[in-house]
>>> print(open('protein.txt').read())   # compact mmCIF, C-alpha atoms
# COMPACT_ATOMS: atom_id res chain seq x y z
CA MET A 1112 -4.16 -23.38 -25.61
CA SER A 1113 -3.82 -25.69 -22.65
CA LEU A 1114 -5.85 -28.66 -21.56
CA LYS A 1115 -7.73 -28.18 -18.34
CA SER A 1116 -5.88 -31.08 -16.76
CA ASP A 1117 -2.63 -29.14 -17.24
CA TYR A 1118 -3.58 -26.36 -14.86
CA PRO A 1119 -2.70 -27.93 -11.52
CA SER A 1120 0.72 -29.00 -12.74
CA ALA A 1121 1.56 -25.85 -14.71
CA ALA A 1122 4.07 -23.35 -13.31
CA ASP A 1123 2.84 -19.90 -12.26
CA GLU A 1124 4.63 -18.36 -15.25
CA GLN A 1125 2.73 -20.61 -17.64
CA LEU A 1126 -0.59 -19.89 -15.95
CA VAL A 1127 0.12 -16.16 -16.11
CA ALA A 1128 0.88 -16.44 -19.83
CA TRP A 1129 -2.38 -18.33 -20.42
CA ALA A 1130 -4.33 -15.86 -18.28
CA LYS A 1131 -2.87 -12.96 -20.26
CA ASP A 1132 -4.47 -14.56 -23.32
CA GLY A 1133 -7.82 -14.42 -21.56
CA ASP A 1134 -7.83 -17.93 -20.09
CA THR A 1135 -9.97 -17.50 -16.97
CA GLU A 1136 -9.43 -21.09 -15.84
CA ALA A 1137 -5.68 -20.48 -15.69
CA PHE A 1138 -6.38 -17.35 -13.67
CA GLU A 1139 -8.65 -19.28 -11.33
CA GLU A 1140 -5.85 -21.80 -10.74
CA LEU A 1141 -3.53 -18.92 -9.79
CA ILE A 1142 -6.14 -17.67 -7.34
CA HIS A 1143 -6.53 -21.13 -5.86
CA ARG A 1144 -2.78 -21.42 -5.34
CA HIS A 1145 -2.19 -18.05 -3.75
CA ARG A 1146 -5.50 -17.01 -2.26
CA ASP A 1147 -4.66 -17.98 1.33
CA LYS A 1148 -1.37 -16.05 1.29
CA ILE A 1149 -3.03 -12.95 -0.19
CA TYR A 1150 -5.92 -13.21 2.23
CA ALA A 1151 -3.52 -13.71 5.17
CA ARG A 1152 -1.65 -10.55 4.21
CA ALA A 1153 -4.89 -8.58 4.06
CA MET A 1154 -5.98 -10.13 7.36
CA ILE A 1155 -2.78 -9.22 9.19
CA MET A 1156 -3.04 -5.66 7.93
CA MET A 1157 -6.76 -5.11 8.48
CA ARG A 1158 -7.47 -7.44 11.47
CA ASN A 1159 -10.97 -7.87 10.13
CA GLU A 1160 -12.30 -10.87 8.19
CA VAL A 1161 -14.85 -8.89 6.16
CA ASP A 1162 -12.28 -6.32 5.02
CA ALA A 1163 -9.71 -9.03 4.37
CA VAL A 1164 -12.06 -11.00 2.09
CA ASP A 1165 -13.19 -7.85 0.32
CA LEU A 1166 -9.69 -6.46 -0.25
CA SER A 1167 -8.21 -9.79 -1.25
CA GLN A 1168 -10.96 -10.22 -3.87
CA GLU A 1169 -10.40 -6.66 -5.05
CA ALA A 1170 -6.70 -7.47 -5.39
CA TRP A 1171 -7.53 -10.39 -7.69
CA VAL A 1172 -9.80 -8.18 -9.80
CA LYS A 1173 -7.01 -5.59 -10.11
CA SER A 1174 -4.49 -8.26 -11.02
CA TRP A 1175 -6.76 -9.57 -13.80
CA GLN A 1176 -7.09 -6.03 -15.16
CA ARG A 1177 -3.34 -5.34 -14.94
CA LEU A 1178 -2.01 -8.74 -15.87
CA HIS A 1179 -0.53 -7.37 -19.08
CA GLN A 1180 1.66 -5.08 -16.92
CA PHE A 1181 3.20 -8.03 -15.09
CA GLN A 1182 6.48 -8.75 -16.84
CA GLY A 1183 7.85 -11.29 -14.36
CA GLU A 1184 10.41 -9.00 -12.66
CA SER A 1185 9.31 -10.63 -9.40
CA SER A 1186 7.34 -13.78 -8.69
CA PHE A 1187 3.61 -13.65 -9.33
CA ALA A 1188 2.97 -14.10 -5.58
CA THR A 1189 5.19 -11.10 -4.76
CA TRP A 1190 3.42 -9.00 -7.38
CA MET A 1191 0.03 -10.01 -5.98
CA THR A 1192 1.14 -9.28 -2.43
CA ARG A 1193 2.15 -5.79 -3.48
CA ILE A 1194 -1.31 -5.19 -4.95
CA VAL A 1195 -3.15 -6.33 -1.84
CA ILE A 1196 -0.82 -4.35 0.47
CA ASN A 1197 -1.49 -1.18 -1.55
CA LEU A 1198 -5.24 -1.74 -1.31
CA CYS A 1199 -4.92 -2.25 2.46
CA LEU A 1200 -2.86 0.93 2.82
CA ASP A 1201 -5.52 2.88 0.89
CA GLN A 1202 -8.25 1.43 3.09
CA ILE A 1203 -6.35 2.21 6.30
CA ARG A 1204 -5.83 5.80 5.10
CA ARG A 1205 -9.57 6.12 4.40
CA GLN A 1206 -10.47 4.69 7.81
CA LYS A 1207 -7.92 6.92 9.54
CA ARG A 1208 -9.52 9.99 8.05
CA THR A 1209 -12.80 9.08 9.69
CA ARG A 1210 -11.56 8.39 13.21
CA ALA A 1211 -9.40 10.07 15.80
CA GLU A 1212 -5.77 9.11 16.31
CA SER A 1213 -5.31 6.54 19.04
CA ILE A 1214 -3.79 7.51 22.35
CA GLU A 1215 -0.85 5.25 21.57
CA GLU A 1216 -0.07 7.05 18.34
CA MET A 1217 -0.29 10.41 20.07
CA GLN A 1218 2.06 9.20 22.79
CA GLU A 1219 4.52 8.04 20.18
CA GLU A 1220 4.49 11.41 18.44
CA SER A 1221 4.95 13.29 21.70
CA GLY A 1222 7.76 11.30 23.25
CA GLY A 1223 11.21 9.94 22.40
CA VAL A 1224 11.72 6.26 21.76
CA GLU A 1225 14.21 5.97 24.60
CA ARG A 1226 11.21 5.73 26.92
CA HIS A 1227 10.34 2.53 25.14
CA MET A 1228 13.66 0.74 25.14
CA PRO A 1229 13.14 -3.02 24.88
CA VAL A 1230 13.40 -4.70 28.22
CA ALA A 1231 16.06 -7.36 28.27
CA GLU A 1232 14.07 -10.42 29.24
CA ALA A 1233 14.24 -14.09 28.47
CA ASN A 1234 12.88 -15.22 25.11
CA PRO A 1235 9.10 -14.86 25.56
CA THR A 1236 8.35 -17.81 23.32
CA GLU A 1237 10.92 -20.21 24.68
CA GLY A 1238 9.70 -23.78 24.87
CA LEU A 1239 6.58 -23.15 22.79
CA GLU A 1240 5.52 -25.09 19.72
CA SER A 1241 5.93 -23.26 16.43
CA GLU A 1242 2.17 -22.98 15.89
CA GLU A 1243 1.69 -21.50 19.35
CA VAL A 1244 4.43 -18.93 18.69
CA ARG A 1245 2.75 -18.03 15.39
CA ARG A 1246 -0.58 -17.65 17.12
CA ARG A 1247 0.87 -15.45 19.84
CA ILE A 1248 2.62 -13.21 17.35
CA ASP A 1249 -0.63 -12.87 15.43
CA GLU A 1250 -2.50 -12.02 18.63
CA ALA A 1251 0.12 -9.47 19.66
CA MET A 1252 0.13 -7.87 16.21
CA GLY A 1253 -3.60 -7.45 16.52
CA LYS A 1254 -3.00 -5.23 19.52
CA LEU A 1255 -0.67 -2.85 17.69
CA THR A 1256 -2.03 0.31 16.13
CA ASP A 1257 -2.53 0.33 12.34
CA ALA A 1258 0.43 2.69 11.98
CA HIS A 1259 2.82 0.44 13.90
CA ARG A 1260 1.57 -2.82 12.45
CA THR A 1261 1.86 -1.45 8.92
CA VAL A 1262 5.57 -0.62 9.16
CA LEU A 1263 6.27 -3.90 10.93
CA VAL A 1264 4.50 -5.94 8.24
CA LEU A 1265 6.15 -4.02 5.41
CA HIS A 1266 9.57 -4.46 6.98
CA GLU A 1267 9.47 -7.96 8.41
CA PHE A 1268 7.18 -9.77 5.97
CA GLU A 1269 7.51 -7.74 2.79
CA GLY A 1270 11.24 -7.19 3.37
CA LEU A 1271 11.04 -3.53 2.36
CA GLU A 1272 13.81 -1.05 3.16
CA TYR A 1273 13.09 2.04 5.24
CA LYS A 1274 13.01 4.37 2.23
CA GLU A 1275 10.57 2.11 0.38
CA ILE A 1276 8.27 1.93 3.42
CA ALA A 1277 8.43 5.74 3.76
CA LYS A 1278 7.41 6.08 0.11
CA ARG A 1279 4.58 3.55 0.28
CA VAL A 1280 3.11 4.87 3.54
CA GLY A 1281 3.79 8.55 2.85
CA ILE A 1282 5.88 9.30 5.96
CA SER A 1283 9.50 10.31 6.59
CA ILE A 1284 12.28 7.76 7.06
CA GLY A 1285 12.68 9.02 10.64
CA THR A 1286 9.03 8.23 11.33
CA VAL A 1287 9.46 4.77 9.80
CA MET A 1288 12.39 4.15 12.17
CA SER A 1289 10.59 5.34 15.29
CA ARG A 1290 7.36 3.51 14.42
CA LEU A 1291 9.28 0.33 13.72
CA PHE A 1292 11.13 0.60 17.01
CA TYR A 1293 7.99 1.31 18.97
CA ALA A 1294 6.17 -1.57 17.22
CA ARG A 1295 8.97 -3.99 18.13
CA ARG A 1296 9.12 -2.80 21.70
CA ARG A 1297 5.36 -3.15 22.04
CA LEU A 1298 5.36 -6.55 20.37
CA ALA A 1299 8.08 -7.81 22.73
CA SER A 1300 6.13 -6.50 25.69
CA LEU A 1301 2.87 -8.08 24.47
CA LEU A 1302 4.56 -11.43 23.93
CA GLN A 1303 5.91 -11.27 27.48
CA SER A 1304 2.51 -10.52 28.95
CA LEU A 1305 0.88 -13.27 26.90
CA LYS A 1306 3.46 -15.67 28.29
CA ARG A 1307 2.69 -14.53 31.84
CA GLU A 1308 -1.09 -14.84 31.26
CA ARG A 1309 -0.71 -18.39 29.97
CA SER A 1310 1.50 -19.47 32.86
CA GLU A 1311 -0.87 -18.17 35.54
CA MET B 212 20.14 5.78 28.94
CA LYS B 213 20.79 5.94 25.20
CA THR B 214 19.69 8.85 23.07
CA THR B 215 16.88 8.39 20.57
CA GLU B 216 19.24 8.82 17.64
CA PHE B 217 21.68 6.26 18.98
CA THR B 218 18.90 3.74 19.70
CA LEU B 219 17.47 4.11 16.21
CA ASN B 220 20.96 3.76 14.77
CA LEU B 221 21.33 0.45 16.57
CA GLN B 222 18.04 -0.67 15.06
CA ALA B 223 19.17 0.49 11.61
CA TYR B 224 22.35 -1.52 12.17
CA VAL B 225 20.31 -4.66 12.89
CA ASP B 226 18.14 -3.98 9.82
CA GLY B 227 21.17 -3.60 7.53
CA GLU B 228 20.28 0.03 6.77
CA LEU B 229 23.62 1.69 7.62
CA ASP B 230 26.40 2.49 5.18
CA SER B 231 29.84 1.01 5.85
CA SER B 232 31.24 3.98 7.80
CA ARG B 233 28.25 4.22 10.13
CA ARG B 234 28.22 0.46 10.54
CA ALA B 235 31.88 0.54 11.61
CA GLU B 236 31.06 3.34 14.03
CA VAL B 237 28.26 1.29 15.65
CA GLU B 238 30.52 -1.77 15.84
CA ARG B 239 33.15 0.27 17.69
CA VAL B 240 30.52 1.26 20.26
CA LEU B 241 29.19 -2.28 20.54
CA ALA B 242 32.68 -3.55 21.39
CA SER B 243 32.64 -1.61 24.64
CA ASP B 244 28.94 -1.14 25.49
CA ALA B 245 27.16 -4.15 26.99
CA GLU B 246 23.78 -2.40 27.11
CA ALA B 247 23.95 -1.61 23.40
CA ARG B 248 24.96 -5.20 22.64
CA GLN B 249 21.98 -6.44 24.63
CA LEU B 250 19.61 -4.16 22.72
CA VAL B 251 21.03 -5.26 19.37
CA GLU B 252 20.70 -8.90 20.34
CA GLY B 253 17.11 -8.39 21.53
CA LEU B 254 16.11 -6.64 18.32
CA ARG B 255 17.76 -9.32 16.21
CA GLN B 256 16.03 -12.16 18.07
CA LEU B 257 12.64 -10.51 17.83
CA SER B 258 13.05 -9.85 14.12
CA ASP B 259 14.10 -13.46 13.47
CA LEU B 260 11.21 -14.74 15.58
CA VAL B 261 8.61 -12.65 13.75
CA ARG B 262 9.95 -13.41 10.27
CA SER B 263 10.02 -17.14 10.89
CA HIS B 264 6.49 -17.19 12.33
CA GLU B 265 4.48 -15.14 9.89
CA PRO B 266 0.80 -15.52 10.82
CA VAL B 267 -1.20 -17.64 8.41
CA ALA B 268 -4.90 -17.50 7.56
CA ARG B 269 -7.24 -19.34 5.25
CA VAL B 270 -9.94 -17.77 3.11
CA PRO B 271 -13.18 -18.54 4.97
CA GLU B 272 -15.01 -19.39 1.74
CA SER B 273 -15.00 -22.34 -0.64
CA ARG B 274 -12.89 -22.24 -3.78
CA GLU B 275 -15.98 -22.06 -5.99
CA PHE B 276 -17.74 -19.33 -4.04
CA TYR B 277 -14.60 -17.18 -3.72
CA TRP B 278 -13.96 -17.45 -7.48
CA SER B 279 -17.60 -16.71 -8.34
CA GLN B 280 -17.43 -13.51 -6.29
CA ILE B 281 -14.27 -12.43 -8.11
CA GLN B 282 -15.82 -13.27 -11.49
CA LYS B 283 -18.82 -11.06 -10.68
CA ARG B 284 -16.57 -8.19 -9.66
CA ILE B 285 -14.51 -8.54 -12.82
CA ALA B 286 -17.70 -8.48 -14.92
CA VAL B 287 -18.91 -5.33 -13.13
CA ALA B 288 -15.49 -3.66 -13.47
CA GLU B 289 -15.33 -4.49 -17.18
CA ALA B 290 -18.87 -3.27 -17.81
CA THR B 291 -18.15 -0.02 -15.97
CA GLY B 292 -14.82 0.36 -17.76
CA ASN B 293 -16.47 -0.14 -21.18
CA ARG B 294 -19.19 2.37 -20.38
CA GLU B 295 -16.60 4.90 -19.24
CA SER B 296 -14.51 4.34 -22.33
CA ARG B 297 -17.60 4.81 -24.55
CA GLU B 298 -18.38 8.06 -22.72
CA VAL B 299 -14.81 9.26 -23.19
CA SER B 300 -14.97 8.24 -26.84
CA GLY B 301 -18.24 10.19 -27.28
CA ALA B 302 -16.67 13.28 -25.72
CA LEU B 303 -13.70 12.97 -28.05
CA GLN B 304 -16.07 12.85 -31.06
CA TRP B 305 -17.49 16.22 -29.96
CA LEU B 306 -13.99 17.60 -29.48
CA ARG B 307 -13.14 16.64 -33.07
CA TRP B 308 -15.80 19.05 -34.31
CA LEU B 309 -15.33 21.59 -31.57
CA ALA B 310 -11.56 21.97 -31.88
CA PRO B 311 -11.50 23.67 -35.33
CA ALA B 312 -14.29 26.02 -34.25
CA LEU B 313 -12.38 26.92 -31.10
CA GLY B 314 -9.26 27.50 -33.20
CA VAL B 315 -11.09 29.95 -35.49
CA ALA B 316 -12.51 31.74 -32.47
CA ALA B 317 -9.05 32.02 -30.89
CA VAL B 318 -7.58 33.54 -34.08
CA ALA B 319 -10.46 35.99 -34.24
CA VAL B 320 -9.84 37.04 -30.63
CA LEU B 321 -6.13 37.59 -31.33
CA ILE B 322 -6.96 39.75 -34.32
CA ALA B 323 -9.54 41.69 -32.38
CA LEU B 324 -7.26 42.41 -29.39
CA PRO B 325 -5.48 45.43 -30.89
CA THR B 326 -8.80 47.24 -31.39
CA ARG B 327 -9.19 50.46 -29.50
CA GLU B 328 -10.44 50.19 -26.01
CA ALA B 329 -12.29 52.77 -24.08
CA SER B 330 -12.55 52.83 -20.36
CA GLY B 331 -16.03 51.96 -19.23
CA VAL B 332 -17.62 52.33 -22.68
CA ALA B 333 -18.62 49.84 -25.34
CA GLN B 334 -17.15 50.24 -28.80
CA ALA B 335 -18.12 48.65 -32.07
CA GLY B 336 -15.90 48.82 -35.05
CA GLY B 337 -14.19 47.00 -37.92
CA SER B 338 -11.26 44.70 -37.50
CA ALA B 339 -8.60 43.43 -39.86
CA LEU B 340 -11.13 40.90 -41.13
CA GLU B 341 -13.53 42.74 -43.35
CA ASP B 342 -16.57 40.72 -42.42
CA ALA B 343 -15.76 40.51 -38.72
CA VAL B 344 -16.96 43.04 -36.23
CA SER B 345 -15.53 43.20 -32.74
CA MET B 346 -16.71 45.00 -29.69
CA THR B 347 -14.66 45.65 -26.57
CA PHE B 348 -15.95 46.62 -23.22
CA ARG B 349 -13.65 47.54 -20.39
CA SER B 350 -14.54 48.54 -16.87
CA ASP B 351 -11.65 49.87 -14.81
CA ALA B 352 -13.83 49.89 -11.74
CA ASP B 353 -14.45 46.17 -12.02
CA GLY B 354 -11.10 45.35 -13.61
CA VAL B 355 -12.86 43.51 -16.46
CA THR B 356 -12.31 43.53 -20.23
CA ILE B 357 -14.72 41.75 -22.58
CA HIS B 358 -14.07 41.19 -26.31
CA TRP B 359 -17.08 40.24 -28.39
CA ILE B 360 -16.56 39.07 -31.96
CA ASN B 361 -19.22 38.67 -34.63
>>> encode(input="protein.txt", output="C-alpha cells")
Amino acid sequence: MSLKSDYPSAADEQLVAWAKDGDTEAFEELIHRHRDKIYARAMIMMRNEVDAVDLSQEAWVKSWQRLHQFQGESSFATWMTRIVINLCLDQIRRQKRTRAESIEEMQEESGGVERHMPVAEANPTEGLESEEVRRRIDEAMGKLTDAHRTVLVLHEFEGLEYKEIAKRVGISIGTVMSRLFYARRRLASLLQSLKRERSE
Amino acid sequence: MKTTEFTLNLQAYVDGELDSSRRAEVERVLASDAEARQLVEGLRQLSDLVRSHEPVARVPESREFYWSQIQKRIAVAEATGNRESREVSGALQWLRWLAPALGVAAVAVLIALPTREASGVAQAGGSALEDAVSMTFRSDADGVTIHWIN
C-alpha cells in the first residue's frame, strides 16, 4: 500500500492499480487530476453547468464501479472521457424525447447540404489571441443544435471515425456525414458573425 | 454547384475516411477544380482551428466538496446495489426449491397429454401414473385446452 504523500507524484496507472484495490485516496487523486477535462467535456456537450456537474460526478461513480474492467488499453483519461460522453448521449436522448425537434434539425433533414456550402471567406479568427479563439469557438458551439454539436465533438475532440460515431449515436453513416458538414458550415458562419459583431 | 454526394465526399477526403481508390478519384478532381480545392482547404482549416482550440472549463466546486458529493453517490450506489443483489439472491433461493417441483409438474403434464380429449366436455381418468389423475377440458369455441393433474 502506498503512502499518502506518494499520490501526487504517482502515475495514473499506479493510482488506478491502487484504486482497484479499494484505495479511495488514490481514486480521489485521479479525480483531482482529470476532473476539469471530464467536466469540460460534459459542459461542451450539455451547455448547462448543472447537468455538466451532475453527469461528470455520475461518470466518476461509474468509473469507480467499473474500475476492474479498465485494463489500460487506452489512457485512463480517454476511458473516463468515453464514460462521460456516453452519459451525455443518454441524457441528450432522454431530453430529446421530451421536446420537439428544432427548426434547424428539421431543415437539415428536409434539404441537401449543397444549400449550406461553406462560404469561402477569410479566416474568421485571424489576428485573435488563442484564448479569444477558444472562447469564440465555445460560444459558437453553444449555438449549434445538440445533434450537430454531438457529431462535431465526437469527431473533432474524441477523434472518432464516422462509423464509430454512427454506432455511438445510433444514426447512419450518411447522417453522420451530413450533420458533420452542416455543423461545420454553421460553425464557420457563426465565427464570421461573431467577428463582425466584435468589430462593429 | 456541387452535388450533395460530391460535397460529402470532399469532407470525407479531408477527414481521412476514403479508401485509396476513392481518394485518388477525389485528388484527380481537385487537380482541375478550384472550387473543390477551396472547399477542401476551408474544411481543413476549420477542423485544425477547432481541434487546436478545444474549449476548456473548470469544475465550479472545490476539490473537497466535489469529492464529497461523489463519495455520497458511490455510497448510495453501493447500498442500492447490495440491496438489489440480496433481493436477487433471495429470489434464487426460492427458485432452488421451486425448480424441482416445476420439473415434476412438467413431467406429469407430458404424461397426461396423450389422455383422451373431448370437445367441450370435461373428462377425468387414469394416466400412466397409477396415483395420478388428470382431467382435460377443451373448448373448440374458445380455442382453449386445459390439463389438470392431481
>>> closest_atom_pairs(input="protein.txt", of="chain B", to="chain A", cutoff="10 Å", atoms="all atoms listed in the file", output="tab-separated table")
residue	atom	partner	partner_atom	distance
B:Met212	CA	A:Glu1225	CA	7.4
B:Lys213	CA	A:Glu1225	CA	6.6
B:Thr214	CA	A:Glu1225	CA	6.4
B:Thr215	CA	A:Glu1225	CA	5.4
B:Glu216	CA	A:Val1224	CA	8.9
B:Phe217	CA	A:Glu1225	CA	9.4
B:Thr218	CA	A:Glu1225	CA	7.1
B:Leu219	CA	A:Met1288	CA	6.5
B:Asn220	CA	A:Met1288	CA	9.0
B:Gln222	CA	A:Phe1292	CA	7.3
B:Ala223	CA	A:Met1288	CA	7.7
B:Asp226	CA	A:Glu1272	CA	8.5
B:Gly227	CA	A:Glu1272	CA	8.9
B:Glu228	CA	A:Glu1272	CA	7.5
B:Glu246	CA	A:Ala1231	CA	9.2
B:Gln249	CA	A:Ala1231	CA	7.0
B:Leu250	CA	A:Pro1229	CA	6.9
B:Val251	CA	A:Pro1229	CA	9.9
B:Glu252	CA	A:Ala1231	CA	9.3
B:Gly253	CA	A:Ala1231	CA	6.9
B:Leu254	CA	A:Arg1295	CA	7.6
B:Gln256	CA	A:Asn1234	CA	8.3
B:Leu257	CA	A:Ala1299	CA	7.2
B:Ser258	CA	A:Glu1267	CA	7.0
B:Asp259	CA	A:Glu1267	CA	8.8
B:Leu260	CA	A:Val1244	CA	8.6
B:Val261	CA	A:Ile1248	CA	7.0
B:Arg262	CA	A:Glu1267	CA	5.8
B:Ser263	CA	A:Arg1245	CA	8.6
B:His264	CA	A:Arg1245	CA	4.9
B:Glu265	CA	A:Arg1245	CA	6.4
B:Pro266	CA	A:Asp1249	CA	5.5
B:Val267	CA	A:Ala1151	CA	5.6
B:Ala268	CA	A:Ala1151	CA	4.7
B:Arg269	CA	A:Asp1147	CA	4.9
B:Val270	CA	A:Asp1147	CA	5.6
B:Pro271	CA	A:Val1164	CA	8.1
B:Glu272	CA	A:Val1164	CA	8.9
B:Arg274	CA	A:His1143	CA	6.8
B:Glu275	CA	A:Glu1139	CA	9.5
B:Tyr277	CA	A:Gln1168	CA	7.9
B:Trp278	CA	A:Glu1139	CA	6.8
B:Ser279	CA	A:Glu1139	CA	9.8
B:Gln280	CA	A:Gln1168	CA	7.7
B:Ile281	CA	A:Gln1168	CA	5.8
B:Gln282	CA	A:Val1172	CA	8.1
B:Lys283	CA	A:Val1172	CA	9.5
B:Arg284	CA	A:Val1172	CA	6.8
B:Ile285	CA	A:Val1172	CA	5.6
B:Ala286	CA	A:Val1172	CA	9.4
B:Ala288	CA	A:Val1172	CA	8.1
B:Glu289	CA	A:Gln1176	CA	8.6
>>> atom_distance(input="protein.txt", atom1="CA of Ser1186 in chain A", atom2="CA of Arg1205 in chain A")
29.2 Å
>>> atom_distance(input="protein.txt", atom1="CA of Asp244 in chain B", atom2="CA of Arg1290 in chain A")
24.7 Å
>>> residues_around(input="protein.txt", residues="Met1156 in chain A", least_positions_apart="6", cutoff="9 Å", atoms="only C-alpha atoms", output="list of chain:residue names")
A:Ala1163, A:Ile1196, A:Cys1199, A:Leu1200, A:Ile1203, A:Gly1253, A:Asp1257, A:Arg1260, A:Thr1261, A:Val1264
>>> atom_distance(input="protein.txt", atom1="CA of Arg1158 in chain A", atom2="CA of Leu1265 in chain A")
15.3 Å
>>> residues_around(input="protein.txt", residues="Leu1178 in chain A", least_positions_apart="4", cutoff="8 Å", atoms="all atoms listed in the file", output="mmCIF file with C-alpha atoms, in the frame of the given file")
data_model
loop_
_atom_site.group_PDB
_atom_site.id
_atom_site.type_symbol
_atom_site.label_atom_id
_atom_site.label_comp_id
_atom_site.auth_asym_id
_atom_site.auth_seq_id
_atom_site.Cartn_x
_atom_site.Cartn_y
_atom_site.Cartn_z
ATOM 1 C CA VAL A 1127 0.120 -16.160 -16.110
ATOM 2 C CA ALA A 1130 -4.330 -15.860 -18.280
ATOM 3 C CA LYS A 1131 -2.870 -12.960 -20.260
ATOM 4 C CA SER A 1174 -4.490 -8.260 -11.020
#
